[in-house]
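What follows is the content of coords30.txt (compact mmCIF, C-alpha atoms and all ligand atoms).
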# COMPACT_ATOMS: atom_id res chain seq x y z
CA MET A 1 211.89 113.67 57.44
CA SER A 2 211.05 113.85 53.74
CA ARG A 3 207.42 113.19 52.96
CA ARG A 4 207.41 113.68 49.21
CA ILE A 5 210.04 111.81 47.28
CA GLY A 6 210.75 112.06 43.56
CA VAL A 7 212.35 109.42 41.37
CA LEU A 8 213.90 109.83 37.94
CA THR A 9 215.97 107.86 35.45
CA SER A 10 218.68 109.70 33.53
CA GLY A 11 221.44 109.07 30.97
CA GLY A 12 221.52 105.82 29.01
CA ASP A 13 218.75 103.39 29.88
CA ALA A 14 219.68 100.09 31.49
CA PRO A 15 217.68 96.89 32.07
CA GLY A 16 216.64 96.79 35.71
CA MET A 17 215.81 100.49 35.98
CA ASN A 18 212.13 99.53 36.17
CA ALA A 19 212.79 97.14 39.02
CA ALA A 20 214.50 100.03 40.84
CA ILE A 21 211.61 102.45 40.16
CA ARG A 22 209.13 99.85 41.44
CA THR A 23 211.12 99.40 44.64
CA VAL A 24 211.51 103.15 45.22
CA VAL A 25 207.74 103.63 44.92
CA ARG A 26 206.70 100.71 47.08
CA THR A 27 209.37 101.28 49.72
CA ALA A 28 208.39 104.95 49.96
CA LEU A 29 204.75 103.95 50.41
CA SER A 30 205.76 101.49 53.14
CA PHE A 31 207.43 104.42 54.95
CA LYS A 32 204.26 106.52 54.52
CA MET A 33 206.01 108.79 52.04
CA GLU A 34 204.42 110.06 48.82
CA PRO A 35 206.32 109.01 45.68
CA PHE A 36 206.40 111.14 42.52
CA GLY A 37 207.66 110.04 39.13
CA ILE A 38 209.72 112.57 37.18
CA TYR A 39 209.61 111.73 33.46
CA ARG A 40 212.53 112.10 31.01
CA GLY A 41 215.20 112.74 33.64
CA TYR A 42 216.39 116.30 34.18
CA HIS A 43 214.72 117.36 30.94
CA GLY A 44 211.32 116.44 32.40
CA LEU A 45 212.21 118.01 35.72
CA ILE A 46 212.73 121.35 33.97
CA ASN A 47 209.48 120.90 32.02
CA ASP A 48 207.47 119.87 35.07
CA GLU A 49 206.74 116.35 33.83
CA ILE A 50 206.00 115.19 37.35
CA GLU A 51 203.25 112.81 38.41
CA LYS A 52 202.18 111.27 41.68
CA LEU A 53 202.68 107.49 41.70
CA VAL A 54 200.77 104.80 43.55
CA SER A 55 201.56 101.15 44.04
CA SER A 56 199.68 100.10 40.90
CA SER A 57 201.64 102.65 38.82
CA VAL A 58 204.57 100.25 39.01
CA SER A 59 202.67 96.98 38.56
CA GLY A 60 203.87 94.65 35.83
CA ILE A 61 207.14 96.46 35.13
CA ILE A 62 209.72 94.38 37.00
CA GLN A 63 210.32 92.18 33.95
CA ARG A 64 210.55 95.01 31.43
CA GLY A 65 213.76 96.49 30.04
CA GLY A 66 214.12 100.22 29.47
CA THR A 67 212.50 102.65 31.88
CA VAL A 68 208.81 103.48 32.23
CA LEU A 69 209.85 106.96 33.40
CA LYS A 70 211.76 107.44 30.11
CA SER A 71 215.29 108.80 30.06
CA ALA A 72 216.90 111.83 28.49
CA ARG A 73 220.02 113.93 28.45
CA SER A 74 219.59 117.63 29.14
CA GLN A 75 222.10 120.35 28.32
CA GLU A 76 219.66 122.92 29.70
CA PHE A 77 219.85 121.38 33.15
CA MET A 78 223.55 122.21 33.17
CA THR A 79 222.76 125.93 32.87
CA LYS A 80 221.96 128.18 35.84
CA GLN A 81 218.51 128.94 34.48
CA GLY A 82 217.70 125.28 33.76
CA LEU A 83 218.76 124.23 37.23
CA GLU A 84 216.61 126.96 38.80
CA MET A 85 213.59 125.82 36.81
CA ALA A 86 214.18 122.24 37.96
CA VAL A 87 214.46 123.27 41.62
CA ASN A 88 211.37 125.49 41.38
CA ASN A 89 209.32 122.62 39.99
CA LEU A 90 210.36 120.40 42.87
CA LYS A 91 209.46 123.14 45.34
CA LYS A 92 206.11 123.68 43.62
CA HIS A 93 205.24 120.01 44.20
CA LYS A 94 206.76 120.15 47.73
CA ILE A 95 209.17 117.37 46.78
CA ASP A 96 212.24 117.70 48.99
CA SER A 97 214.10 114.52 48.06
CA VAL A 98 214.92 112.79 44.78
CA VAL A 99 216.29 109.35 43.99
CA ILE A 100 218.42 109.55 40.85
CA ILE A 101 218.83 106.32 38.89
CA GLY A 102 221.61 106.68 36.31
CA GLY A 103 225.31 106.98 35.63
CA ASP A 104 228.05 109.31 36.86
CA GLY A 105 226.82 112.24 34.73
CA SER A 106 223.40 111.95 36.34
CA PHE A 107 225.05 111.88 39.76
CA ARG A 108 226.88 115.14 39.02
CA GLY A 109 223.51 116.62 38.15
CA ALA A 110 222.17 115.33 41.46
CA LEU A 111 224.92 117.18 43.33
CA SER A 112 223.84 120.45 41.77
CA LEU A 113 220.27 119.82 43.00
CA MET A 114 221.68 119.18 46.46
CA LYS A 115 223.35 122.59 46.46
CA HIS A 116 219.80 124.00 46.26
CA GLY A 117 218.63 122.15 49.35
CA ILE A 118 217.17 119.05 47.72
CA LYS A 119 218.04 115.73 49.37
CA ILE A 120 219.42 113.31 46.82
CA ILE A 121 220.52 109.68 46.71
CA GLY A 122 222.06 108.08 43.59
CA ILE A 123 221.45 104.53 42.40
CA PRO A 124 224.08 103.33 39.88
CA ALA A 125 222.45 102.13 36.67
CA THR A 126 224.43 101.86 33.45
CA ILE A 127 225.27 98.89 31.28
CA ASP A 128 228.90 100.10 31.17
CA ASN A 129 229.54 99.22 34.83
CA ASP A 130 231.92 102.17 35.12
CA ILE A 131 230.78 103.69 38.41
CA PRO A 132 233.24 103.55 41.33
CA CYS A 133 232.19 102.26 44.78
CA THR A 134 230.01 99.47 43.47
CA ASP A 135 231.04 96.11 42.07
CA PHE A 136 228.14 96.21 39.64
CA SER A 137 225.72 98.78 38.28
CA ILE A 138 222.15 97.94 37.31
CA GLY A 139 221.94 96.71 33.70
CA PHE A 140 225.45 95.36 33.33
CA ASP A 141 224.57 91.73 34.00
CA THR A 142 221.75 91.77 31.45
CA ALA A 143 224.00 93.45 28.88
CA VAL A 144 226.79 90.90 29.24
CA ASN A 145 224.28 88.06 29.02
CA THR A 146 222.93 89.59 25.80
CA VAL A 147 226.47 89.78 24.40
CA MET A 148 227.13 86.20 25.47
CA ASP A 149 224.00 84.92 23.68
CA ALA A 150 224.93 86.84 20.53
CA VAL A 151 228.54 85.65 20.48
CA ASN A 152 227.44 82.03 21.06
CA LYS A 153 225.51 82.31 17.81
CA ILE A 154 228.34 84.07 16.00
CA ARG A 155 230.70 81.29 17.10
CA ASP A 156 228.53 78.68 15.34
CA THR A 157 228.83 80.42 12.00
CA ALA A 158 232.46 81.41 12.61
CA SER A 159 233.30 77.78 13.13
CA SER A 160 231.30 76.52 10.10
CA HIS A 161 232.90 79.00 7.73
CA GLU A 162 236.30 79.01 9.42
CA ARG A 163 236.31 82.76 9.78
CA ILE A 164 237.56 85.36 12.15
CA TYR A 165 234.91 87.51 13.77
CA VAL A 166 235.57 90.89 15.34
CA VAL A 167 232.67 91.64 17.67
CA GLU A 168 232.30 95.25 18.82
CA VAL A 169 230.51 95.78 22.12
CA MET A 170 229.51 98.94 23.97
CA GLY A 171 231.84 100.80 26.31
CA ARG A 172 233.14 104.20 25.25
CA HIS A 173 235.31 104.59 28.34
CA SER A 174 234.99 101.21 29.95
CA GLY A 175 236.05 97.76 28.80
CA ASN A 176 233.90 95.94 31.33
CA ILE A 177 231.31 94.60 28.88
CA ALA A 178 234.07 93.38 26.57
CA LEU A 179 236.07 91.87 29.42
CA TYR A 180 233.27 89.99 31.19
CA SER A 181 231.53 88.81 28.03
CA GLY A 182 234.86 87.99 26.37
CA LEU A 183 235.86 85.81 29.30
CA ALA A 184 232.43 84.16 29.36
CA VAL A 185 232.39 83.31 25.65
CA GLY A 186 236.02 82.21 25.49
CA ALA A 187 237.12 85.03 23.18
CA ASP A 188 240.58 84.60 21.67
CA SER A 189 241.46 88.28 22.16
CA ILE A 190 239.83 91.05 24.17
CA LEU A 191 240.68 94.67 23.35
CA ILE A 192 239.68 97.28 25.91
CA PRO A 193 240.52 100.96 26.45
CA GLU A 194 242.13 100.38 29.85
CA VAL A 195 244.88 97.99 28.68
CA PRO A 196 247.35 98.82 25.88
CA PHE A 197 247.46 96.25 23.09
CA GLU A 198 249.33 95.51 19.86
CA LEU A 199 247.32 94.41 16.84
CA ASP A 200 250.39 92.52 15.64
CA GLN A 201 250.09 90.34 18.73
CA VAL A 202 246.43 89.66 17.96
CA CYS A 203 247.46 88.61 14.43
CA GLU A 204 250.29 86.44 15.72
CA LYS A 205 247.86 84.70 18.06
CA ILE A 206 245.50 84.05 15.15
CA ARG A 207 248.30 82.64 12.98
CA LEU A 208 249.46 80.31 15.75
CA ALA A 209 245.90 79.19 16.44
CA TYR A 210 245.24 78.40 12.78
CA GLU A 211 248.54 76.54 12.49
CA ALA A 212 247.51 74.48 15.49
CA GLY A 213 244.30 73.50 13.73
CA LYS A 214 241.81 75.97 15.16
CA ASN A 215 239.37 77.03 12.48
CA HIS A 216 237.81 80.19 13.86
CA ASN A 217 238.70 83.12 16.04
CA ILE A 218 236.64 85.58 18.08
CA VAL A 219 238.06 89.00 18.90
CA VAL A 220 235.91 91.06 21.27
CA VAL A 221 236.51 94.79 21.01
CA ALA A 222 235.18 97.59 23.22
CA GLU A 223 233.96 100.53 21.13
CA GLY A 224 236.17 102.89 23.14
CA ILE A 225 239.58 101.51 22.14
CA SER A 226 241.82 103.77 20.09
CA LEU A 227 243.70 102.70 17.02
CA PRO A 228 246.87 104.26 15.63
CA SER A 229 245.00 105.50 12.56
CA ASP A 230 242.11 107.76 13.55
CA ASP A 231 240.57 107.97 10.08
CA ILE A 232 238.59 104.81 10.87
CA ARG A 233 235.07 105.54 12.10
CA ASN A 234 234.35 102.19 13.71
CA VAL A 235 237.25 100.69 15.57
CA SER A 236 236.04 97.17 14.80
CA PHE A 237 236.39 97.85 11.05
CA GLY A 238 239.91 99.07 11.70
CA VAL A 239 240.75 95.95 13.69
CA GLY A 240 239.12 93.67 11.09
CA LYS A 241 240.93 95.32 8.19
CA TYR A 242 244.27 95.05 9.98
CA ILE A 243 243.74 91.37 10.79
CA GLU A 244 242.70 90.50 7.24
CA GLU A 245 245.63 92.39 5.72
CA HIS A 246 248.17 90.94 8.12
CA THR A 247 246.98 87.32 8.34
CA GLY A 248 245.25 86.79 5.01
CA TYR A 249 242.27 85.16 6.75
CA GLU A 250 238.73 86.22 5.98
CA THR A 251 237.44 88.46 8.75
CA ARG A 252 233.89 89.61 9.48
CA ILE A 253 232.74 92.43 11.69
CA VAL A 254 229.69 92.44 13.97
CA ILE A 255 228.68 95.57 15.84
CA LEU A 256 226.17 94.50 18.46
CA GLY A 257 224.96 98.05 19.13
CA HIS A 258 221.78 98.89 20.96
CA ILE A 259 220.53 95.34 21.50
CA GLN A 260 222.92 95.47 24.46
CA ARG A 261 220.73 98.08 26.13
CA GLY A 262 217.44 96.23 25.86
CA GLY A 263 215.79 93.07 27.05
CA SER A 264 214.20 91.72 30.17
CA PRO A 265 216.56 92.16 33.13
CA THR A 266 218.34 89.08 34.49
CA VAL A 267 217.73 87.78 38.01
CA ASN A 268 220.96 89.47 39.13
CA ASP A 269 219.87 92.86 37.81
CA ARG A 270 216.38 92.61 39.33
CA LEU A 271 217.79 91.64 42.72
CA LEU A 272 220.50 94.30 42.60
CA ALA A 273 218.00 96.98 41.57
CA SER A 274 215.54 96.00 44.30
CA ARG A 275 218.18 95.89 47.03
CA LEU A 276 219.87 99.16 46.03
CA ALA A 277 216.59 101.03 45.66
CA TYR A 278 215.32 99.85 49.03
CA HIS A 279 218.51 101.09 50.65
CA ALA A 280 218.29 104.42 48.81
CA VAL A 281 214.79 105.16 50.11
CA SER A 282 215.74 104.00 53.61
CA LEU A 283 218.58 106.55 53.61
CA ILE A 284 216.23 109.35 52.62
CA HIS A 285 213.79 108.20 55.28
CA GLN A 286 216.64 108.53 57.81
CA GLY A 287 217.25 112.10 56.64
CA LYS A 288 220.46 111.31 54.74
CA SER A 289 221.48 112.98 51.48
CA GLY A 290 224.40 113.32 49.04
CA LYS A 291 225.11 109.61 48.89
CA MET A 292 225.18 106.82 46.37
CA VAL A 293 224.32 103.24 47.16
CA GLY A 294 226.36 100.36 45.83
CA GLU A 295 227.11 96.69 46.26
CA VAL A 296 230.58 95.65 47.35
CA ASP A 297 231.38 92.01 48.13
CA LYS A 298 227.66 91.28 48.00
CA LEU A 299 226.83 93.82 50.70
CA ILE A 300 224.77 96.95 50.05
CA LYS A 301 226.57 100.05 51.30
CA SER A 302 226.50 103.79 50.79
CA TRP A 303 229.20 106.35 50.05
CA ASP A 304 229.46 110.07 49.99
CA LEU A 305 228.62 110.88 46.38
CA GLN A 306 231.34 113.50 46.03
CA TYR A 307 233.92 110.98 47.25
CA ALA A 308 232.58 108.30 44.90
CA LEU A 309 232.74 110.60 41.88
CA ALA A 310 236.36 111.47 42.67
CA GLN A 311 237.40 107.79 42.52
CA GLU A 312 238.82 106.27 39.38
CA HIS A 313 236.94 103.61 37.52
CA THR A 314 239.02 100.43 37.40
CA ILE A 315 238.66 97.09 35.69
CA ASN A 316 239.22 93.64 37.07
CA MET A 317 242.81 92.88 35.99
CA GLU A 318 242.52 89.38 37.43
CA TYR A 319 239.78 88.69 34.86
CA TYR A 320 241.93 90.18 32.13
CA ARG A 321 244.88 87.98 33.02
CA LEU A 322 242.66 84.91 33.27
CA ALA A 323 241.19 85.60 29.81
CA SER A 324 244.73 85.94 28.42
CA ILE A 325 245.85 82.66 29.97
CA LEU A 326 242.78 80.77 28.79
CA SER A 327 243.14 82.01 25.23
CA SER A 328 246.86 81.23 24.85
CA LEU A 329 247.77 77.94 23.33
P1 LIG B 1 225.55 106.81 31.04
O1 LIG B 1 226.77 106.35 31.79
O2 LIG B 1 224.61 105.73 30.73
O3 LIG B 1 225.90 107.66 29.86
P2 LIG B 1 225.13 109.17 32.65
O4 LIG B 1 224.26 109.43 33.82
O5 LIG B 1 226.62 109.23 32.89
O6 LIG B 1 224.72 107.75 32.06
P3 LIG B 1 225.17 111.63 31.12
O7 LIG B 1 224.67 111.90 29.76
O8 LIG B 1 226.62 111.84 31.39
O9 LIG B 1 224.72 110.13 31.46
O10 LIG B 1 224.35 112.54 32.16
C1 LIG B 1 222.93 112.57 32.16
C2 LIG B 1 222.47 114.00 32.41
O11 LIG B 1 222.94 114.44 33.70
C3 LIG B 1 223.00 115.05 31.43
O12 LIG B 1 222.25 115.11 30.25
C4 LIG B 1 222.87 116.32 32.25
O13 LIG B 1 221.56 116.82 32.21
C5 LIG B 1 223.17 115.86 33.67
N1 LIG B 1 224.59 116.13 34.00
C6 LIG B 1 225.68 115.46 33.56
N2 LIG B 1 226.81 116.02 34.03
C7 LIG B 1 226.45 117.08 34.78
C8 LIG B 1 227.16 118.08 35.53
N3 LIG B 1 228.49 118.07 35.62
N4 LIG B 1 226.43 119.01 36.19
C9 LIG B 1 225.09 119.02 36.12
N5 LIG B 1 224.36 118.10 35.43
C10 LIG B 1 225.01 117.15 34.77
Structure rendered as structure tokens:
Amino acid sequence: MSRRIGVLTSGGDAPGMNAAIRTVVRTALSFKMEPFGIYRGYHGLINDEIEKLVSSSVSGIIQRGGTVLKSARSQEFMTKQGLEMAVNNLKKHKIDSVVIIGGDGSFRGALSLMKHGIKIIGIPATIDNDIPCTDFSIGFDTAVNTVMDAVNKIRDTASSHERIYVVEVMGRHSGNIALYSGLAVGADSILIPEVPFELDQVCEKIRLAYEAGKNHNIVVVAEGISLPSDDIRNVSFGVGKYIEEHTGYETRIVILGHIQRGGSPTVNDRLLASRLAYHAVSLIHQGKSGKMVGEVDKLIKSWDLQYALAQEHTINMEYYRLASILSSL
């Protein structure tokens, strides 16, 4: 059985990571294991930024966004030498298991640690919600609530000034934030990378809506969509320009950006983080390794990490269809 367990956060930060760290530490202590915090993800692992944690180390963090362990991306970790340095540091501290809180890139890094005899368990945490084998990843619920609050405000001004607003949300490869928030705010169009779209159809919808007396229009766009013309840096500007040119209606662009990453985690994210992290430490306590934990149909389960990473990320087409129905006249 592992006695010394490390925990790190890696990749993009996500609200709820702190709730997961807190649970890893306190669950480990309840199993009479010694928890160690690894700062700045794999970068800190290479640089030996490792510290023993006690219960009070994680006091007062459950409500905080971001990650108290900091996060980083590390190219060096992907080299043979970097990986060796990381493994040697773990061995030096006699840490034989690590809980990795992050996205799919972080999980691939975890698999390379496993090849060197380190037990690893992955906890999905990314606002993009693009990790297979879990309905939700930590941080997604907070992010979509942040988008919803912002678009509620945008709608007030859109309606007063009778304008079209194109709202760009995060999601380089995943339209989940756009889809869930778009459905929740009653967006008129939702453009995501996973579903082909025609801007002419978006314009036609706007024209029909205005003719029917509607005085504003909200188009939610995932940052990862591609447009026919690739000379446009921000896709939302491209969409906005097209709409203005083809409908004649005044169009404004809002890029929500990094506010989507921050903020106090929602109840859902705190509960998800606590439940997943408890399960992760329990697996390590049982001697298991090479797995990720996830929630499917409200149940916490675990999967072989290699299998999980080979699965394709999908989006909820039922939600997409529902959003389309609700926004047609
Ligand atoms: P997010 O989805 O929020 O971007 P992520 O975990 O997918 O999170 P990445 O930047 O892809 O974020 O990965 C985080 C770190 O994991 C990288 O900086 C790198 O150190 C390590 N990593 C990523 N892919 C691999 C890989 N194939 N092999 C080894 N390590 C990897």
Centre, x/y/z edge lengths, axis-aligned box for ligand LIG 1 (chain B) with 5 Å per side, as AutoDock Vina command-line options:
--center_x 225.0 --center_y 112.4 --center_z 33.0 --size_x 16.9 --size_y 23.3 --size_z 16.4
(message) At a cut-off of 10 Å, using all atoms listed in the file, what residues contact Ala110 in chain A? Leave out same-chain residues fewer than 4 positions from it and give the result as number ranges by chain.
(response) A: 42, 98-101, 104-106, 114-115, 118-122, 290-291, 305
(message) Taking only C-alpha atoms and all ligand atoms into account, list the residues no farther than 9 Å from ligand LIG 1 (chain B), as a VMD selection string.
(response) chain A and resid 9 to 14 41 to 43 71 to 79 83 101 to 113 124 to 131
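Comparing A:Tyr278, A:Phe136, A:Tyr320, A:Tyr210 by their smallest distance to Gly248 in chain A, the closest is A:Tyr210 (using all atoms listed in the file).
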(message) With distances taken over all atoms listed in the file, which residue among A:Ser189, A:Ser57, A:Asn18, A:Asn47 lies nearest Arg321 in chain A?
(response) A:Ser189
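Nearest residue to Ile218 in chain A, choosing from A:Lys301, A:Ser327, A:His246, A:Ile192 and counting all atoms listed in the file: A:Ser327.
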(message) Please determine, counting all atoms listed in the file, which residue among A:Lys298, A:Arg163, A:His313, A:Arg40 has the shortest atom-to-atom distance to Glu244 in chain A.
(response) A:Arg163
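Considering all atoms listed in the file, the residue among A:Val281, A:Ile61, A:Ile138, A:Leu45 positioned nearest to Asn89 in chain A is A:Leu45.
Proximity ranking of A:Ile284, A:Val7, A:Val151, A:Ala212 relative to Val185 in chain A places A:Val151 first, based on only C-alpha atoms.
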(request) May I have the residues within 7 Å of Ile38 in chain A as an NGL selection string, using all atoms listed in the file and disregarding those fewer than 5 positions away in the same chain? (result) :A and (6-8 or 44-45 or 49-51 or 69)
